[in-house]
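Novice: File input.cif follows (mmCIF, C-alpha atoms, pLDDT in the B column; chains and numbers go by the auth columns):
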```cif
data_start
loop_
_atom_site.group_PDB
_atom_site.id
_atom_site.type_symbol
_atom_site.label_atom_id
_atom_site.label_comp_id
_atom_site.label_asym_id
_atom_site.label_seq_id
_atom_site.Cartn_x
_atom_site.Cartn_y
_atom_site.Cartn_z
_atom_site.B_iso_or_equiv
_atom_site.auth_seq_id
_atom_site.auth_asym_id
ATOM 1 C CA MET A 1 -7.245 0.158 2.858 71.00 30 A
ATOM 2 C CA PRO A 2 -8.751 2.003 5.813 85.00 31 A
ATOM 3 C CA TYR A 3 -7.899 5.677 6.131 84.00 32 A
ATOM 4 C CA GLN A 4 -6.084 5.279 9.472 91.00 33 A
ATOM 5 C CA VAL A 5 -3.778 2.556 8.121 92.00 34 A
ATOM 6 C CA LYS A 6 -3.000 4.612 5.043 93.00 35 A
ATOM 7 C CA ARG A 7 -2.278 7.632 7.218 94.00 36 A
ATOM 8 C CA ILE A 8 0.150 5.611 9.364 95.00 37 A
ATOM 9 C CA PHE A 9 1.995 4.377 6.272 96.00 38 A
ATOM 10 C CA VAL A 10 2.280 7.933 4.952 95.00 39 A
ATOM 11 C CA TRP A 11 3.748 9.091 8.285 96.00 40 A
ATOM 12 C CA ILE A 12 6.204 6.175 8.311 96.00 41 A
ATOM 13 C CA PHE A 13 7.258 7.012 4.757 94.00 42 A
ATOM 14 C CA TRP A 14 7.944 10.677 5.549 94.00 43 A
ATOM 15 C CA ILE A 15 9.783 9.812 8.763 95.00 44 A
ATOM 16 C CA PHE A 16 11.996 7.462 6.756 92.00 45 A
ATOM 17 C CA VAL A 17 12.641 10.146 4.119 89.00 46 A
ATOM 18 C CA ILE A 18 13.662 12.685 6.766 93.00 47 A
ATOM 19 C CA TYR A 19 15.847 10.072 8.492 92.00 48 A
ATOM 20 C CA ALA A 20 17.545 9.186 5.193 89.00 49 A
ATOM 21 C CA ILE A 21 18.234 12.836 4.403 89.00 50 A
ATOM 22 C CA PHE A 22 19.750 13.547 7.822 92.00 51 A
ATOM 23 C CA THR A 23 21.861 10.396 8.014 94.00 52 A
ATOM 24 C CA SER A 24 23.301 10.546 4.485 93.00 53 A
ATOM 25 C CA PRO A 25 22.482 13.727 2.588 91.00 54 A
ATOM 26 C CA ASP A 26 24.861 12.925 -0.282 92.00 55 A
ATOM 27 C CA ARG A 27 23.161 9.617 -1.047 91.00 56 A
ATOM 28 C CA ALA A 28 19.733 11.233 -0.698 89.00 57 A
ATOM 29 C CA ALA A 29 20.719 13.923 -3.207 91.00 58 A
ATOM 30 C CA ASP A 30 22.065 11.277 -5.600 93.00 59 A
ATOM 31 C CA LEU A 31 18.777 9.404 -5.304 90.00 60 A
ATOM 32 C CA VAL A 32 16.755 12.525 -6.092 91.00 61 A
ATOM 33 C CA ILE A 33 18.939 13.256 -9.115 95.00 62 A
ATOM 34 C CA THR A 34 18.586 9.670 -10.349 96.00 63 A
ATOM 35 C CA VAL A 35 14.795 9.679 -9.964 94.00 64 A
ATOM 36 C CA TRP A 36 14.595 13.040 -11.750 96.00 65 A
ATOM 37 C CA GLU A 37 16.670 11.696 -14.654 97.00 66 A
ATOM 38 C CA ILE A 38 14.393 8.646 -14.904 97.00 67 A
ATOM 39 C CA PHE A 39 11.325 10.898 -15.162 96.00 68 A
ATOM 40 C CA ILE A 40 12.961 13.150 -17.748 97.00 69 A
ATOM 41 C CA ASN A 41 14.122 10.198 -19.856 97.00 70 A
ATOM 42 C CA GLY A 42 10.676 8.606 -19.622 96.00 71 A
ATOM 43 C CA PHE A 43 8.874 11.740 -20.788 96.00 72 A
ATOM 44 C CA SER A 44 11.417 12.197 -23.552 96.00 73 A
ATOM 45 C CA ALA A 45 10.861 8.611 -24.736 97.00 74 A
ATOM 46 C CA ILE A 46 7.094 9.126 -24.725 96.00 75 A
ATOM 47 C CA GLY A 47 7.534 12.291 -26.771 94.00 76 A
ATOM 48 C CA ILE A 48 9.750 10.500 -29.296 95.00 77 A
ATOM 49 C CA PHE A 49 7.213 7.674 -29.534 95.00 78 A
ATOM 50 C CA PHE A 50 4.333 10.013 -30.320 94.00 79 A
ATOM 51 C CA ASP A 51 6.439 11.999 -32.783 94.00 80 A
ATOM 52 C CA ARG A 52 7.188 8.789 -34.677 94.00 81 A
ATOM 53 C CA VAL A 53 3.576 7.590 -34.494 94.00 82 A
ATOM 54 C CA LEU A 54 2.379 10.895 -35.926 92.00 83 A
ATOM 55 C CA GLY A 55 5.096 10.790 -38.591 87.00 84 A
ATOM 56 C CA ARG A 56 6.871 13.991 -37.705 73.00 85 A
#
```
Give the structure from this file in structure tokens form.
Specialist:
Amino acid sequence: MPYQVKRIFVWIFWIFVIYAIFTSPDRAADLVITVWEIFINGFSAIGIFFDRVLGR
């Protein structure tokens, strides 16, 4: 993907994020919390997997 097209998509993404935060901050906060929980649960599952593989 050419650099200019990628740059435009990045700008559109950030404009959308700012718009979403200003129009509904409660939903935006809920979304951030949900994404954070998904990351934490994913890393926890990976840790459990490797603990069991290593026999701890």
Novice: Quick one: distance from CA of Val34 (chain A) to CA of Ser53 (chain A) in Å, one decimal?
Specialist: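 Between these atoms lies a distance of 28.5 Å.
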Novice: Between CA of Pro54 (chain A) and CA of Ile37 (chain A), what is the spacing in Å?
Specialist: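 CA of Pro54 (chain A) lies 24.7 Å from CA of Ile37 (chain A).
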Novice: Between CA of Asp59 (chain A) and CA of Ile77 (chain A), what is the spacing in Å?
Specialist: 26.7 Å
Novice: From the list A:Met30, A:Gly84, A:Trp40, A:Val46, which residue is nearest Ala58 (chain A) when using only C-alpha atoms?
Specialist: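 So, comparing all the options, the nearest one is A:Val46.
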